[in-house]
Number of protein chains: 2
Amino acid sequence: MNKLHIIPLGGVMEIGKTLWCYEYNDEIIVVDCGLMFPNEDMPGVDVVIPDMSYLVDNKDKIRGVFLTHGHEDHIGAVPYLLKLMSVPIYGTALTLGFVSNKLEEHNLLNTAELYEVEAGDVLEAGPFEIEYFQVAHSIPDTCALIIRTPLGVIFHTSDFKFDSDAVNGYTIDFDRLKEIAKENIIALMCDTTNIEKPGRTKSEKVVGETLEKIINEAPGRVLIATFASNIHRVQQVVDICEKLGKKIGIFGRSMISNCRIAEVLGYLKIPDNIRIDESELSDYPEDRIVIMTTGSQGEPLSALSKIAAEEHKFIDIVKGDTVIISATPIPGNESYIIKTINRLFRLGADVIYYPLADIHVSGHANQEDVRDIVSILKPQKYFAVHGEWRHYKQFKKFLTDMGIDRDDIIGLTLGDVYEFNDETDPGVVDKIKAGAVLVDGIGVGDVEIGVLRDRKHLAEDGVLLATVTVDLSTKEIINNCEIIARGVIKEELYNKLFDPLAEKVDEAVEDFFIDNDKDDIDTLRSIVKKVSAKYIYEKTHRRPVVVPVVIEV
Amino acid sequence: MNKLHIIPLGGVMEIGKTLWCYEYNDEIIVVDCGLMFPNEDMPGVDVVIPDMSYLVDNKDKIRGVFLTHGHEDHIGAVPYLLKLMSVPIYGTALTLGFVSNKLEEHNLLNTAELYEVEAGDVLEAGPFEIEYFQVAHSIPDTCALIIRTPLGVIFHTSDFKFDSDAVNGYTIDFDRLKEIAKENIIALMCDTTNIEKPGRTKSEKVVGETLEKIINEAPGRVLIATFASNIHRVQQVVDICEKLGKKIGIFGRSMISNCRIAEVLGYLKIPDNIRIDESELSDYPEDRIVIMTTGSQGEPLSALSKIAAEEHKFIDIVKGDTVIISATPIPGNESYIIKTINRLFRLGADVIYYPLADIHVSGHANQEDVRDIVSILKPQKYFAVHGEWRHYKQFKKFLTDMGIDRDDIIGLTLGDVYEFNDETDPGVVDKIKAGAVLVDGIGVGDVEIGVLRDRKHLAEDGVLLATVTVDLSTKEIINNCEIIARGVIKEELYNKLFDPLAEKVDEAVEDFFIDNDKDDIDTLRSIVKKVSAKYIYEKTHRRPVVVPVVIEV
């Protein structure tokens with residue numbers, strides 16, 4: 001029996017997103033290899049990558065990793081994969097440009113096998129044929145993948161939208177799409193990120209028109225914060241600057257780095273005579289200066305956040321500045337963005353932000369875009385991709401309203417093995433190990449739930465150490481109890497709160513010596529802990545992490 | 001010279017919100033006394049109250065506290081004020097009902113002087129005359145205050161909206177408003193919360209209509225989460241249940257407590273024959289049950305979050321349940337709400353949430369409501385209240401577009417003393433001590449910036465203790481170094497990471513004994529700290545809080 005497996009391996013919200021595994025009999029291709037950013041339950045964690053155990057266990061079967069586009073959630077885990085195995089990586093030029101930048105940081109560039117692909121290319125990988133198919137998205141050079149197997153065709157949309165007016169001509173070729181629809185499409189892997197949103201996703205061009213109007217009317221400098229990978233948008237601002245006789249400066253680490261890569265590869269064209277750097281900011285009148293910057297999500301270390309906090313090396317907000325936050329908040333970032341907006345207003349800038357003007361459009365398909373691709377392709381099965389559980393449910397609602405059988409609409413959770421074969425009905429046949437691996441510093445997977453629990457506990461009420469030195473043989477306290485604390489209470493109150501506690505601990509130790517077996521240091525430790533925790537709770541109603549440091553000499 | 005001072009004392013976003021001080025010569029009235037909830041920079045903090053130093057310093061001048069309505073950000077700090085002084089508290093019945101509940105928890109109810117007021121009442125307080133004026137808001141019994149002084153009238157809107165179709169008849173009396181407009185209104189203290197939103201705020205009735213439709217069509221139980229103080233909405237759901245022959249259960253601590261207070265005071269009427277408790281949930285078919293619950297903001301300890309996490313004592317989600325999140329996210333809560341929604345979907349519920357249906361309306365005035373009150377009252381000065389800096393700026397933009405002189409539009413920050421007098425132009429004349437005081441457990445103000453910094457540091461990378469016992473006189477290590485850690489790395493790796501560190505510390509101590517003055521224990525401590533921090537950073541790129549515990553015997 002021939003078998004085709006679809007296995008989502010990456011994502012933190014259960015539904016497959018960042019890494020997909022397609023397996024035909026004994027051969028595997030991987031589609032995308034991305035990371036996620038930690039949520040509020042993961043303090044100190046830098047990034048979250050997919051558990052790659054299944055790939056490691058089946059490393060000899062893997063014929064290649066096929067990247068759809070250059071966003072972090074699609075390429076960010078490539079370095080971690082390449083530390084585990086050697087495998088060829090395929091992608092379009094800009095995607096590989098961003099990947100190479102990452103690999104360089106991880107000292108992996110020299111050994112990586114990267115193969116550049118163009119939209120329209122068709123590749124062979126074992127029993128798979130993979131066609132790169134141009135779509136519109138918020139980063140140039142995004143492709144859907146048409147994955148042909150002996151059991152049928154998988155259409156993997158990647159992140160996409162239809163954009164009839166797309167900047168740089170990144171539109172979808174509907175004629176070709178209709179051609180493909182004639183093939184035996186057994187699975188549509190569909191971007192459901194915007195399935196809650198009615199209508200069509202607006203064109204990137206709308207943003208350009210709004211930005212031009214704002215830049216043209218602004219009394220002074222204009223600062224524009226957007227996602228550093230949105231090269232289309234940077235190009236639009238560059239074009240506007242050229243048209244209106246403005247100079248443009250690029251700020252923020254990732255914005256500078258991404259623009260450099262995009263320029264080298266020809267995706268971004270900034271004429272030399274309009275580009276300025278930090279040393280030239282004061283060479284031109286303010287109303288001739290436009291600044292592109294990172295920080296559209298209020299990220300604390302971004303250029304815009306530093307500007308708002310008056311901590312940026314080169315840029316101070318002056319009255320008359322206009323700041324445009326050209327993005328919508330990713331859930332969880334709202335309060336950071338609002339903090340930045342309030343600070344910028346306070347410093348005298350005018351701030352234009354969502355939803356006050358058409359200064360951002362999404363890169364994902366709204367409902368009508370989804371309706372189109374579904375209607376054209378009419379696959380056998382419909383899989384929700386790139387969303388959360390709520391998106392899968394709304395996808396199901398939307399498609400059943402279109403008359404599609406609800407049993408044909410599928411939301412796989414990480415590790416589900418969905419099988420097509422040539423004998424029985426398709427369905428989930430297995431569950432393999434999958435999930436999230438936390439990366440903190442250079443540690444991969446050494447921070448797990450217990451560590452996070454401790455960190456959250458520490459964050460709530462701090463930590464308190466009660467140290468006491470004893471001689472168990474003579475039943476004597478050698479050094480009286482000393483209390484050390486961090487994050488419990490302000491230092492001015494240490495003596496008032498901790499001196500009586502130290503006395504209480506000493507008394508408890510003396511009592512222990514009277515009543516107990518002298519060798520039982522573990523009991524003594526737990527007594528010290530209990531006395532300390534109880535006292536602190538009584539006095540403050542706080543429950544710090546209490547560490548009893550009972551030293552025996 | 002007679003002087004009238006306007007001083008905002010409460011709010012965390014700089015612009016006055018939770019506590020206002022009006023001072024005429026040597027007499028003061030306080031309007032509202034609320035708290036704020038901590039933001040993401042305040043781990044472990046329970047609530048944030050205004051710095052009341054100015055009130056304490058001027059306690060003999062205070063003639064009373066006048067509450068506008070019963071929301072936490074308007075009444076939550078009353079217990080903290082009453083711990084500092086005795087002062088009469090005025091408010092409408094429901095407001096005082098909620099205040100009493102709080103005072104009881106703080107054991108202050110017996111000594112508090114509470115005076116019940118009705119809309120339309122006019123009170124005297126020193127040189128002030130205070131008229132309570134009915135407005136519509138998301139809690140019953142909300143009043144604006146018309147504050148008459150010898151120097152003119154202050155119109156303090158409180159939180160308000162116009163709601164021509166308001167449930168329970170809480171509408172604004174426009175004729176009376178026009179009468180008031182004839183007085184000498186020198187200051188409009190205007191709710192600017194929704195000033196970014198065009199049009200009019202929708203009526204609470206719209207929510208009722210949507211809820212009725214959903215409840216009527218739901219195949220099984222309906223769970224509705226909303227703000228526990230939105231008694232109007234609870235009443236609407238009760239009425240719908242009565243009409244449709246459903247039973248209603250009330251769940252969630254604050255929902256139960258608020259409903260009880262509102263029922264006792266006659267603001268909420270639940271017929272006995274439709275009300276059920278947890279023991280009766282299984283007595284009726286599922287399509288006859290409606291449940292009101294807390295948790296519309298995804299608060300981790302709320303009833304709905306527990307239900308979503310399968311941790312609620314009485315309620316398990318079953319297939320066919322419909323959950324309505326009848327609220328919009330307060331910025332900062334988005335990711336919690338989304339987590340709850342995803343979990344509920346996962347458990348088989350259908351979830352209806354903003355903005356997918358008209359299941360919530362705001363209690364604050366949108367732009368057109370603001371335009372109305374401004375046009376009717378035509379005050380001398382316009383003050384932005386209850387918003388953030390961005391709201392003040394949008395308020396200014398909106399009013400200047402209406403033709404109002406920008407110099408007459410004022411955003412006071414906490415502690416600003418704005419003066420009207422009978423000789424010179426009005427303006428800010430002073431800045432007094434004001435700001436936020438953090439409450440954690442039973443501690444008020446004993447957690448400040450240093451403690452929060454420690455907590456955030458602990459949350460990022462945990463804490464590591466390096467303990468070593470030495471005899472300085474003999475230059476000997478008595479007990480070798482031991483490492484204790486929390487939140488640094490998973491326990492399975494303790495030996496691998498910490499054994500070599502302990503050795504390194506011992507070596508460093510030995511080296512110290514060779515090179516250094518034996519008495520210098522502080523230097524030894526800093527060496528132990530440095531060696532440990534450096535090692536951990538090299539191995540993990542983490543920077544835990546390192547506490548060197550060097551014991552001398």
# chains A, B, ... in the order shown; residues from 1 in each chain; ligands from 1

call {"tool": "interface_residues", "arguments": {"of": "chain B", "to": "chain A", "cutoff": "6 Å", "atoms": "only C-alpha atoms", "output": "ChimeraX atom specification"}}
result
/B:43-44,331-332,334-335,342,389-390,441-443,446-447,451,454-456,458-462,486-487,489-490,540-542

call {"tool": "write_last_selection", "arguments": {"atoms": "N, CA and C atoms", "output": "PDB file, in the first residue's frame"}}
result
ATOM      1  N   PRO B  43       5.252  43.004  37.789  1.00  0.00           N
ATOM      2  CA  PRO B  43       4.950  41.627  38.185  1.00  0.00           C
ATOM      3  C   PRO B  43       4.643  41.528  39.674  1.00  0.00           C
ATOM      4  N   GLY B  44       3.631  40.740  40.004  1.00  0.00           N
ATOM      5  CA  GLY B  44       3.305  40.481  41.402  1.00  0.00           C
ATOM      6  C   GLY B  44       2.488  41.562  42.070  1.00  0.00           C
ATOM      7  N   PRO B 331      -6.568  46.782  26.374  1.00  0.00           N
ATOM      8  CA  PRO B 331      -5.213  46.545  25.857  1.00  0.00           C
ATOM      9  C   PRO B 331      -4.322  45.863  26.901  1.00  0.00           C
ATOM     10  N   GLY B 332      -3.645  44.837  26.473  1.00  0.00           N
ATOM     11  CA  GLY B 332      -2.808  44.060  27.380  1.00  0.00           C
ATOM     12  C   GLY B 332      -3.429  42.696  27.664  1.00  0.00           C
ATOM     13  N   GLU B 334      -5.355  40.961  25.376  1.00  0.00           N
ATOM     14  CA  GLU B 334      -5.698  40.271  24.137  1.00  0.00           C
ATOM     15  C   GLU B 334      -5.249  38.817  24.142  1.00  0.00           C
ATOM     16  N   SER B 335      -3.987  38.587  24.521  1.00  0.00           N
ATOM     17  CA  SER B 335      -3.480  37.227  24.367  1.00  0.00           C
ATOM     18  C   SER B 335      -4.142  36.282  25.369  1.00  0.00           C
ATOM     19  N   ASN B 342      -9.437  29.980  22.169  1.00  0.00           N
ATOM     20  CA  ASN B 342      -8.903  28.773  21.526  1.00  0.00           C
ATOM     21  C   ASN B 342      -9.204  27.520  22.335  1.00  0.00           C
ATOM     22  N   TRP B 389      -2.234  59.924  27.168  1.00  0.00           N
ATOM     23  CA  TRP B 389      -1.713  61.064  26.439  1.00  0.00           C
ATOM     24  C   TRP B 389      -2.267  61.086  25.008  1.00  0.00           C
ATOM     25  N   ARG B 390      -2.370  59.923  24.367  1.00  0.00           N
ATOM     26  CA  ARG B 390      -2.887  59.872  22.991  1.00  0.00           C
ATOM     27  C   ARG B 390      -4.335  60.364  22.919  1.00  0.00           C
ATOM     28  N   GLY B 441      -0.194  42.279  48.012  1.00  0.00           N
ATOM     29  CA  GLY B 441      -0.629  41.634  49.249  1.00  0.00           C
ATOM     30  C   GLY B 441      -1.188  42.691  50.173  1.00  0.00           C
ATOM     31  N   ILE B 442      -0.668  42.737  51.442  1.00  0.00           N
ATOM     32  CA  ILE B 442      -1.146  43.780  52.340  1.00  0.00           C
ATOM     33  C   ILE B 442      -0.166  44.937  52.422  1.00  0.00           C
ATOM     34  N   GLY B 443       0.844  44.925  51.581  1.00  0.00           N
ATOM     35  CA  GLY B 443       1.817  46.018  51.587  1.00  0.00           C
ATOM     36  C   GLY B 443       1.377  47.130  50.648  1.00  0.00           C
ATOM     37  N   ASP B 446       5.346  49.400  49.526  1.00  0.00           N
ATOM     38  CA  ASP B 446       6.641  48.811  49.888  1.00  0.00           C
ATOM     39  C   ASP B 446       7.271  48.053  48.715  1.00  0.00           C
ATOM     40  N   VAL B 447       6.596  48.095  47.583  1.00  0.00           N
ATOM     41  CA  VAL B 447       7.192  47.580  46.344  1.00  0.00           C
ATOM     42  C   VAL B 447       7.396  48.788  45.436  1.00  0.00           C
ATOM     43  N   VAL B 451      12.423  46.970  43.431  1.00  0.00           N
ATOM     44  CA  VAL B 451      11.861  45.637  43.641  1.00  0.00           C
ATOM     45  C   VAL B 451      11.344  45.069  42.312  1.00  0.00           C
ATOM     46  N   ASP B 454      14.200  43.915  40.177  1.00  0.00           N
ATOM     47  CA  ASP B 454      14.666  42.596  40.631  1.00  0.00           C
ATOM     48  C   ASP B 454      13.720  41.491  40.167  1.00  0.00           C
ATOM     49  N   ARG B 455      12.428  41.723  40.308  1.00  0.00           N
ATOM     50  CA  ARG B 455      11.458  40.692  39.909  1.00  0.00           C
ATOM     51  C   ARG B 455      11.561  40.387  38.420  1.00  0.00           C
ATOM     52  N   LYS B 456      11.708  41.459  37.620  1.00  0.00           N
ATOM     53  CA  LYS B 456      11.798  41.229  36.173  1.00  0.00           C
ATOM     54  C   LYS B 456      13.090  40.487  35.830  1.00  0.00           C
ATOM     55  N   LEU B 458      14.673  38.413  37.838  1.00  0.00           N
ATOM     56  CA  LEU B 458      14.448  37.028  38.276  1.00  0.00           C
ATOM     57  C   LEU B 458      13.611  36.255  37.257  1.00  0.00           C
ATOM     58  N   ALA B 459      12.600  36.922  36.695  1.00  0.00           N
ATOM     59  CA  ALA B 459      11.718  36.257  35.728  1.00  0.00           C
ATOM     60  C   ALA B 459      12.466  35.907  34.452  1.00  0.00           C
ATOM     61  N   GLU B 460      13.396  36.753  34.064  1.00  0.00           N
ATOM     62  CA  GLU B 460      14.122  36.526  32.819  1.00  0.00           C
ATOM     63  C   GLU B 460      14.976  35.269  32.887  1.00  0.00           C
ATOM     64  N   ASP B 461      15.808  35.176  33.918  1.00  0.00           N
ATOM     65  CA  ASP B 461      16.822  34.119  33.915  1.00  0.00           C
ATOM     66  C   ASP B 461      16.955  33.384  35.243  1.00  0.00           C
ATOM     67  N   GLY B 462      16.058  33.657  36.188  1.00  0.00           N
ATOM     68  CA  GLY B 462      16.113  32.909  37.439  1.00  0.00           C
ATOM     69  C   GLY B 462      17.159  33.429  38.417  1.00  0.00           C
ATOM     70  N   ARG B 486      17.099  28.342  40.846  1.00  0.00           N
ATOM     71  CA  ARG B 486      15.668  28.279  40.525  1.00  0.00           C
ATOM     72  C   ARG B 486      15.457  29.055  39.231  1.00  0.00           C
ATOM     73  N   GLY B 487      14.832  28.420  38.260  1.00  0.00           N
ATOM     74  CA  GLY B 487      14.483  29.144  37.041  1.00  0.00           C
ATOM     75  C   GLY B 487      15.639  29.375  36.091  1.00  0.00           C
ATOM     76  N   ILE B 489      17.780  26.583  34.652  1.00  0.00           N
ATOM     77  CA  ILE B 489      17.892  25.487  33.685  1.00  0.00           C
ATOM     78  C   ILE B 489      17.179  24.286  34.265  1.00  0.00           C
ATOM     79  N   LYS B 490      16.795  23.331  33.422  1.00  0.00           N
ATOM     80  CA  LYS B 490      16.027  22.202  33.956  1.00  0.00           C
ATOM     81  C   LYS B 490      16.892  21.320  34.858  1.00  0.00           C
ATOM     82  N   THR B 540      25.529  29.362  28.921  1.00  0.00           N
ATOM     83  CA  THR B 540      24.103  29.419  28.547  1.00  0.00           C
ATOM     84  C   THR B 540      23.693  30.731  27.893  1.00  0.00           C
ATOM     85  N   HIS B 541      24.546  31.729  27.954  1.00  0.00           N
ATOM     86  CA  HIS B 541      24.153  33.100  27.574  1.00  0.00           C
ATOM     87  C   HIS B 541      22.976  33.592  28.412  1.00  0.00           C
ATOM     88  N   ARG B 542      22.907  33.148  29.661  1.00  0.00           N
ATOM     89  CA  ARG B 542      21.880  33.671  30.566  1.00  0.00           C
ATOM     90  C   ARG B 542      22.543  34.479  31.674  1.00  0.00           C
TER      91      ARG B 542
END

call {"tool": "select_by_dssp", "arguments": {"residues": "region 272-438 of chain B", "states": "strand (DSSP E)", "output": "PyMOL selection string"}}
result
chain B and resi 275-276+289-293+322-325+350-352+381-385+409-410+416-421+427-431+436-438

call {"tool": "write_last_selection", "arguments": {"atoms": "C-alpha atoms", "output": "PDB file, in the first residue's frame"}}
result
ATOM      1  CA  ARG B 275     -32.700  31.254  38.678  1.00  0.00           C
ATOM      2  CA  ILE B 276     -30.628  28.131  39.193  1.00  0.00           C
ATOM      3  CA  ILE B 289     -29.643  26.865  30.452  1.00  0.00           C
ATOM      4  CA  VAL B 290     -27.919  30.240  30.297  1.00  0.00           C
ATOM      5  CA  ILE B 291     -24.879  30.957  32.438  1.00  0.00           C
ATOM      6  CA  MET B 292     -23.538  34.405  33.274  1.00  0.00           C
ATOM      7  CA  THR B 293     -19.887  34.367  34.224  1.00  0.00           C
ATOM      8  CA  THR B 322     -22.157  28.418  22.928  1.00  0.00           C
ATOM      9  CA  VAL B 323     -19.853  30.857  24.699  1.00  0.00           C
ATOM     10  CA  ILE B 324     -20.283  34.593  24.186  1.00  0.00           C
ATOM     11  CA  ILE B 325     -17.458  36.901  25.182  1.00  0.00           C
ATOM     12  CA  ASP B 350     -18.915  27.520  19.612  1.00  0.00           C
ATOM     13  CA  VAL B 351     -17.411  30.836  20.677  1.00  0.00           C
ATOM     14  CA  ILE B 352     -18.733  34.225  19.654  1.00  0.00           C
ATOM     15  CA  LYS B 381     -11.697  75.459  29.266  1.00  0.00           C
ATOM     16  CA  TYR B 382     -11.761  71.815  28.138  1.00  0.00           C
ATOM     17  CA  PHE B 383      -9.880  69.193  30.155  1.00  0.00           C
ATOM     18  CA  ALA B 384      -9.120  65.681  28.900  1.00  0.00           C
ATOM     19  CA  VAL B 385     -10.064  63.143  31.565  1.00  0.00           C
ATOM     20  CA  ILE B 409      -7.845  72.463  25.546  1.00  0.00           C
ATOM     21  CA  ILE B 410      -5.875  71.107  28.444  1.00  0.00           C
ATOM     22  CA  ASP B 416      -0.403  69.632  38.054  1.00  0.00           C
ATOM     23  CA  VAL B 417      -2.156  72.415  39.952  1.00  0.00           C
ATOM     24  CA  TYR B 418      -4.363  74.298  37.515  1.00  0.00           C
ATOM     25  CA  GLU B 419      -5.612  77.572  38.914  1.00  0.00           C
ATOM     26  CA  PHE B 420      -8.576  79.793  38.189  1.00  0.00           C
ATOM     27  CA  ASN B 421      -8.537  83.014  40.199  1.00  0.00           C
ATOM     28  CA  GLY B 427      -3.129  78.109  34.070  1.00  0.00           C
ATOM     29  CA  VAL B 428      -0.870  75.592  35.796  1.00  0.00           C
ATOM     30  CA  VAL B 429       0.748  77.286  38.790  1.00  0.00           C
ATOM     31  CA  ASP B 430       2.380  74.425  40.659  1.00  0.00           C
ATOM     32  CA  LYS B 431       3.263  70.747  40.639  1.00  0.00           C
ATOM     33  CA  ALA B 436       1.279  55.659  41.596  1.00  0.00           C
ATOM     34  CA  VAL B 437       1.595  53.590  44.756  1.00  0.00           C
ATOM     35  CA  LEU B 438       1.827  49.842  44.277  1.00  0.00           C
TER      36      LEU B 438
END

call {"tool": "residues_around", "arguments": {"residues": "region 178-195 of chain B", "least_positions_apart": "6", "cutoff": "6 Å", "atoms": "only C-alpha atoms", "output": "list in words"}}
result
Gly152, Val153, Ile154, Phe155, His156, Thr157, Asp159, His364, Ala365, Asn366, Gln367, Leu377, Pro379, Gln380, Lys381, Tyr382, Phe383, Ala384, Val385, His386, Gly387 and His391 of chain B

call {"tool": "atom_distance", "arguments": {"atom1": "CA of Val505 (chain B)", "atom2": "CA of Asp520 (chain B)"}}
result
16.5 Å

call {"tool": "select_by_dssp", "arguments": {"residues": "region 172-201 of chain A", "states": "helix (DSSP H, G or I)", "output": "MDAnalysis selection string"}}
result
chainID A and resid 174:181

call {"tool": "write_last_selection", "arguments": {"atoms": "C-alpha atoms", "output": "compact mmCIF listing (two decimals), in the first residue's frame"}}
result
# COMPACT_ATOMS: atom_id res chain seq x y z
CA PHE A 174 -5.20 33.06 -12.19
CA ASP A 175 -4.91 31.33 -15.55
CA ARG A 176 -2.15 29.11 -14.25
CA LEU A 177 -4.16 28.50 -11.08
CA LYS A 178 -7.09 27.29 -13.19
CA GLU A 179 -4.73 24.99 -15.08
CA ILE A 180 -3.50 23.52 -11.82
CA ALA A 181 -7.09 23.08 -10.67

call {"tool": "atom_distance", "arguments": {"atom1": "CA of Ala144 (chain B)", "atom2": "CA of Tyr132 (chain B)"}}
result
6.1 Å

call {"tool": "atom_distance", "arguments": {"atom1": "CA of Ile270 (chain B)", "atom2": "CA of Val238 (chain B)"}}
result
6.4 Å

call {"tool": "closest_residue", "arguments": {"among": "A:Met255, A:Leu464, A:Ile248, A:Leu55", "to": "Gln236 (chain A)", "atoms": "only C-alpha atoms"}}
result
A:Ile248
